[in-house]
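Structure data follow from entry.csv (CSV, C-alpha atoms):
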chain,number,residue,atom,x,y,z
A,127,MET,CA,115.9,101.3,124.6
A,128,PRO,CA,116.9,98.8,127.3
A,129,GLN,CA,114.4,96.1,128.3
A,130,SER,CA,113.1,95.8,131.9
A,131,ALA,CA,113.2,92.4,133.6
A,132,ASP,CA,109.4,92.0,133.2
A,133,SER,CA,109.4,92.9,129.4
A,134,PRO,CA,108.6,90.1,126.9
A,135,THR,CA,111.7,88.5,125.3
A,136,LEU,CA,112.5,89.7,121.8
A,137,VAL,CA,112.7,86.9,119.2
A,138,ASP,CA,113.7,86.7,115.6
A,139,ALA,CA,110.7,87.1,113.2
A,140,ASP,CA,111.1,83.7,111.6
A,141,ALA,CA,108.1,81.7,110.1
A,142,GLN,CA,107.2,80.0,113.4
A,143,ALA,CA,107.3,83.2,115.5
A,144,LEU,CA,105.3,85.1,112.9
A,145,ARG,CA,102.7,82.3,112.8
A,146,GLY,CA,102.4,82.5,116.5
A,147,LEU,CA,102.0,86.3,116.4
A,148,LEU,CA,99.4,86.1,113.7
A,149,ARG,CA,97.2,83.9,115.9
A,150,HIS,CA,96.4,87.1,117.8
A,151,GLN,CA,94.9,88.7,114.7
A,152,ALA,CA,91.2,88.0,114.2
A,153,SER,CA,90.4,87.5,110.5
A,154,THR,CA,87.2,87.4,108.5
A,155,VAL,CA,86.6,83.9,107.0
A,156,THR,CA,85.9,83.8,103.3
A,157,VAL,CA,85.6,81.0,100.7
A,158,VAL,CA,87.0,81.8,97.3
A,159,THR,CA,85.7,79.9,94.3
A,160,ALA,CA,86.7,79.6,90.6
A,161,SER,CA,85.3,77.8,87.7
A,162,GLY,CA,87.3,74.9,86.2
A,163,ASP,CA,87.1,71.2,85.5
A,164,PRO,CA,86.4,70.6,88.3
A,165,ALA,CA,85.5,73.9,90.0
A,166,VAL,CA,87.7,74.8,92.9
A,167,GLY,CA,87.2,76.6,96.2
A,168,PHE,CA,89.2,77.2,99.4
A,169,THR,CA,88.8,78.9,102.8
A,170,ALA,CA,90.9,82.1,103.1
A,171,THR,CA,91.4,84.5,106.0
A,172,SER,CA,93.5,86.9,103.9
A,173,PHE,CA,90.7,88.8,102.1
A,174,THR,CA,91.0,92.5,102.3
A,175,SER,CA,90.0,95.7,100.5
A,176,VAL,CA,93.0,97.3,98.6
A,177,SER,CA,91.4,100.3,97.0
A,178,LEU,CA,88.0,101.9,96.6
A,179,ASP,CA,88.9,104.0,93.5
A,180,PRO,CA,89.1,101.8,91.5
A,181,PRO,CA,87.5,99.1,93.7
A,182,VAL,CA,90.1,96.3,94.2
A,183,VAL,CA,90.2,93.5,96.7
A,184,SER,CA,92.8,90.9,97.4
A,185,PHE,CA,93.3,87.4,98.9
A,186,CYS,CA,96.3,85.1,99.2
A,187,LEU,CA,96.8,81.5,98.2
A,188,ASP,CA,99.6,79.0,98.8
A,189,LEU,CA,101.3,78.1,95.5
A,190,ARG,CA,101.2,74.4,96.6
A,191,SER,CA,97.4,74.5,97.0
A,192,SER,CA,95.4,72.2,94.8
A,193,SER,CA,93.3,75.3,93.9
A,194,TRP,CA,96.2,77.3,92.7
A,195,PRO,CA,96.5,75.9,89.1
A,196,THR,CA,92.9,76.8,88.4
A,197,VAL,CA,93.0,80.2,90.2
A,198,SER,CA,96.3,81.0,88.3
A,199,ARG,CA,94.3,80.8,85.0
A,200,SER,CA,90.9,82.1,86.1
A,201,ARG,CA,89.6,85.4,84.8
A,202,HIS,CA,86.9,85.6,87.5
A,203,VAL,CA,86.6,84.4,91.1
A,204,GLY,CA,83.9,84.4,93.7
A,205,VAL,CA,84.7,85.7,97.2
A,206,HIS,CA,82.1,84.7,99.9
A,207,LEU,CA,82.0,86.3,103.3
A,208,LEU,CA,80.8,83.6,105.7
A,209,GLY,CA,78.4,84.0,108.6
A,210,HIS,CA,79.1,82.8,112.1
A,211,HIS,CA,76.7,79.9,111.4
A,212,GLN,CA,78.9,78.6,108.6
A,213,GLN,CA,81.8,77.0,110.5
A,214,ASP,CA,81.1,73.6,108.9
A,215,LEU,CA,81.3,75.2,105.4
A,216,ALA,CA,84.6,76.8,106.3
A,217,ARG,CA,86.0,73.5,107.5
A,218,THR,CA,84.8,71.8,104.3
A,219,PHE,CA,86.6,74.3,102.0
A,220,ALA,CA,89.7,74.0,104.2
A,221,THR,CA,89.8,70.2,103.9
A,222,SER,CA,92.0,68.6,101.2
A,223,GLY,CA,90.8,65.6,99.3
A,224,VAL,CA,87.0,66.1,99.6
A,225,ASP,CA,84.4,67.2,97.1
A,226,ARG,CA,83.9,70.7,98.5
A,227,PHE,CA,80.8,71.3,96.3
A,228,ALA,CA,79.0,68.1,97.3
A,229,ALA,CA,76.0,68.2,99.6
A,230,PRO,CA,75.4,69.8,102.1
A,231,THR,CA,77.2,72.7,100.3
A,232,ARG,CA,74.5,74.7,98.6
A,233,TRP,CA,75.7,76.6,95.5
A,234,ARG,CA,74.8,77.5,91.9
A,235,VAL,CA,76.7,78.5,88.8
A,236,GLY,CA,76.8,82.3,88.7
A,237,PRO,CA,77.9,84.8,86.0
A,238,GLU,CA,81.1,83.9,84.2
A,239,GLY,CA,80.6,80.3,85.3
A,240,VAL,CA,81.8,81.1,88.8
A,241,PRO,CA,80.4,78.9,91.6
A,242,LEU,CA,78.4,81.0,94.0
A,243,ILE,CA,77.7,79.6,97.5
A,244,GLU,CA,74.2,80.2,98.9
A,245,ASP,CA,73.3,81.9,102.1
A,246,THR,CA,76.6,83.6,102.8
A,247,LEU,CA,76.7,87.1,104.4
A,248,ALA,CA,77.9,88.4,101.1
A,249,TRP,CA,79.5,87.5,97.9
A,250,LEU,CA,81.5,89.3,95.3
A,251,LEU,CA,82.1,88.3,91.7
A,252,CYS,CA,85.5,89.6,90.8
A,253,ARG,CA,87.6,90.0,87.7
A,254,VAL,CA,91.2,89.0,88.4
A,255,VAL,CA,93.5,91.9,87.5
A,256,GLU,CA,96.9,90.7,88.7
A,257,ARG,CA,98.6,87.9,90.5
A,258,VAL,CA,101.8,88.7,92.5
A,259,THR,CA,104.0,85.8,93.7
A,260,VAL,CA,105.7,86.5,97.0
A,261,GLY,CA,107.5,83.6,98.7
A,262,ASP,CA,105.3,80.5,98.8
A,263,HIS,CA,102.1,82.4,98.1
A,264,ALA,CA,100.4,84.4,95.4
A,265,ILE,CA,98.5,87.7,96.2
A,266,VAL,CA,95.5,87.8,93.9
A,267,LEU,CA,94.2,91.3,93.1
A,268,ALA,CA,90.7,91.4,91.8
A,269,GLU,CA,88.1,94.0,90.8
A,270,PRO,CA,84.6,93.4,92.1
A,271,GLU,CA,82.0,93.5,89.3
A,272,LEU,CA,78.9,92.2,91.1
A,273,LEU,CA,78.0,91.7,94.7
A,274,GLN,CA,75.2,90.6,96.9
A,275,GLN,CA,74.9,91.1,100.7
A,276,ALA,CA,72.5,90.0,103.5
A,277,VAL,CA,70.6,92.6,105.4
A,278,VAL,CA,71.8,91.2,108.8
A,279,GLY,CA,74.2,88.6,110.1
A,280,SER,CA,77.3,88.1,112.2
A,281,PRO,CA,80.6,87.3,110.4
A,282,LEU,CA,82.6,84.2,111.0
A,283,LEU,CA,86.1,85.0,112.3
A,284,TYR,CA,89.2,83.0,112.8
A,285,HIS,CA,91.3,83.7,115.9
A,286,ARG,CA,93.9,81.7,117.8
A,287,GLY,CA,93.4,78.7,115.6
A,288,ARG,CA,89.6,78.5,116.0
A,289,TYR,CA,86.5,79.8,114.5
A,290,ALA,CA,84.8,82.6,116.5
A,291,GLY,CA,82.1,85.2,116.4
A,292,LEU,CA,81.5,88.6,117.8
A,293,ALA,CA,80.1,87.9,121.3
A,294,GLU,CA,78.9,91.5,121.7
A,295,TYR,CA,77.3,91.6,118.2
A,296,LEU,CA,73.6,92.5,118.3
A,297,GLU,CA,71.3,92.4,115.4
A,298,PRO,CA,69.9,95.9,114.6
A,299,PRO,CA,66.5,96.5,116.2
A,300,ALA,CA,63.5,95.8,114.0
A,301,ARG,CA,62.0,98.8,112.4
A,302,ARG,CA,58.6,99.9,113.6
A,303,ALA,CA,55.8,100.7,111.2
A,304,ALA,CA,55.1,104.4,111.2
Now that the file is in, can you turn its structure into structure tokens?
Amino acid sequence: MPQSADSPTLVDADAQALRGLLRHQASTVTVVTASGDPAVGFTATSFTSVSLDPPVVSFCLDLRSSSWPTVSRSRHVGVHLLGHHQQDLARTFATSGVDRFAAPTRWRVGPEGVPLIEDTLAWLLCRVVERVTVGDHAIVLAEPELLQQAVVGSPLLYHRGRYAGLAEYLEPPARRAA
């Protein structure tokens, strides 16, 4: 099909062009944690549901990440869905060379020794079932075993290189006593 003069220019889908295109996609911000010596954690925007029967989720991690050696051996991980108010926490877990679990991060040791971050919208304790290496990343497939979720809250999103929220999000109305 021929392009009209006012159509966008087609470009090769190289790494730079793909990175630019993906900036248009809004992604939920999560922090993934794993036990180790020391424990590790990182901010990820690649979390997604893969299957409901059986329940399987996934996230991706750069093979050059300082967290990868621990995650590559971990049997369990924690996946934390962050609330809009947790931008500083997301930045902490996205920063290299800092103690991500130091104050003001609030966390506890959960089942299987996995660090669980307090006050997130939700967390899942997952058993890793497979790791698939694709290019410079690993896709980690994991089966949720336990979860906890808040009753209300707005998710933290990442869009166009910044943290964002849902402007039109409204908390559900309070229930009236009958």
Inset, instruction - Have a look at atom CA of Gly209 of chain A and atom CA of Tyr289 of chain A and let me know their distance in Å, one decimal. - result: 10.9 Å
Inset, instruction - Have a look at atom CA of Gln274 of chain A and atom CA of Leu250 of chain A and let me know their distance in Å, one decimal. - result: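 Separation between atom CA of Gln274 of chain A and atom CA of Leu250 of chain A: 6.6 Å.
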Each residue of segment 238-267 of chain A with at least one atom at most 9 Å from segment 222-231 of chain A should appear once, together with its nearest atom pair and the corresponding distance in Å (one decimal); atoms considered: all atoms listed in the file; ordering: chain, then increasing residue number; output as CSV.
residue,atom,partner,partner_atom,distance
A:Pro241,CA,A:Phe227,CA,8.9
A:Ile243,CA,A:Thr231,CA,7.5
A:Glu244,CA,A:Thr231,CA,8.2
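For the atom pair formed by atom CA of Ala141 of chain A and atom CA of Gly261 of chain A, the distance is 11.6 Å, given to one decimal.
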Legend entry - Nearest residue to Pro195 of chain A from the set A:Asp163, A:Glu271, A:Asp214, A:Asp140 (distances using only C-alpha atoms):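 For Pro195 of chain A, the nearest of the candidates is A:Asp163.
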Identify the residues within 12 Å of coordinate (75.1, 77.9, 109.7) (same frame as the file), considering only C-alpha atoms, and give the answer as a PDB file with C-alpha atoms, keeping the file's coordinate frame.
ATOM      1  CA  LEU A 208      80.800  83.600 105.700  1.00  0.00           C
ATOM      2  CA  GLY A 209      78.400  84.000 108.600  1.00  0.00           C
ATOM      3  CA  HIS A 210      79.100  82.800 112.100  1.00  0.00           C
ATOM      4  CA  HIS A 211      76.700  79.900 111.400  1.00  0.00           C
ATOM      5  CA  GLN A 212      78.900  78.600 108.600  1.00  0.00           C
ATOM      6  CA  GLN A 213      81.800  77.000 110.500  1.00  0.00           C
ATOM      7  CA  ASP A 214      81.100  73.600 108.900  1.00  0.00           C
ATOM      8  CA  LEU A 215      81.300  75.200 105.400  1.00  0.00           C
ATOM      9  CA  ALA A 216      84.600  76.800 106.300  1.00  0.00           C
ATOM     10  CA  ARG A 217      86.000  73.500 107.500  1.00  0.00           C
ATOM     11  CA  PRO A 230      75.400  69.800 102.100  1.00  0.00           C
ATOM     12  CA  THR A 231      77.200  72.700 100.300  1.00  0.00           C
ATOM     13  CA  ARG A 232      74.500  74.700  98.600  1.00  0.00           C
ATOM     14  CA  GLU A 244      74.200  80.200  98.900  1.00  0.00           C
ATOM     15  CA  ASP A 245      73.300  81.900 102.100  1.00  0.00           C
ATOM     16  CA  THR A 246      76.600  83.600 102.800  1.00  0.00           C
ATOM     17  CA  LEU A 247      76.700  87.100 104.400  1.00  0.00           C
ATOM     18  CA  GLY A 279      74.200  88.600 110.100  1.00  0.00           C
ATOM     19  CA  SER A 280      77.300  88.100 112.200  1.00  0.00           C
ATOM     20  CA  PRO A 281      80.600  87.300 110.400  1.00  0.00           C
ATOM     21  CA  LEU A 282      82.600  84.200 111.000  1.00  0.00           C
TER      22      LEU A 282
END
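Remark: for Asp262 of chain A, the closest of the candidate residues A:Leu189, A:Ala276, A:Leu242, A:Val157 is A:Leu189 (distances computed over all atoms listed in the file).
Using all atoms listed in the file, the nearest neighbour of Phe168 of chain A within the list A:Gly204, A:Gly146, A:Gly291, A:Gly239 is A:Gly204.
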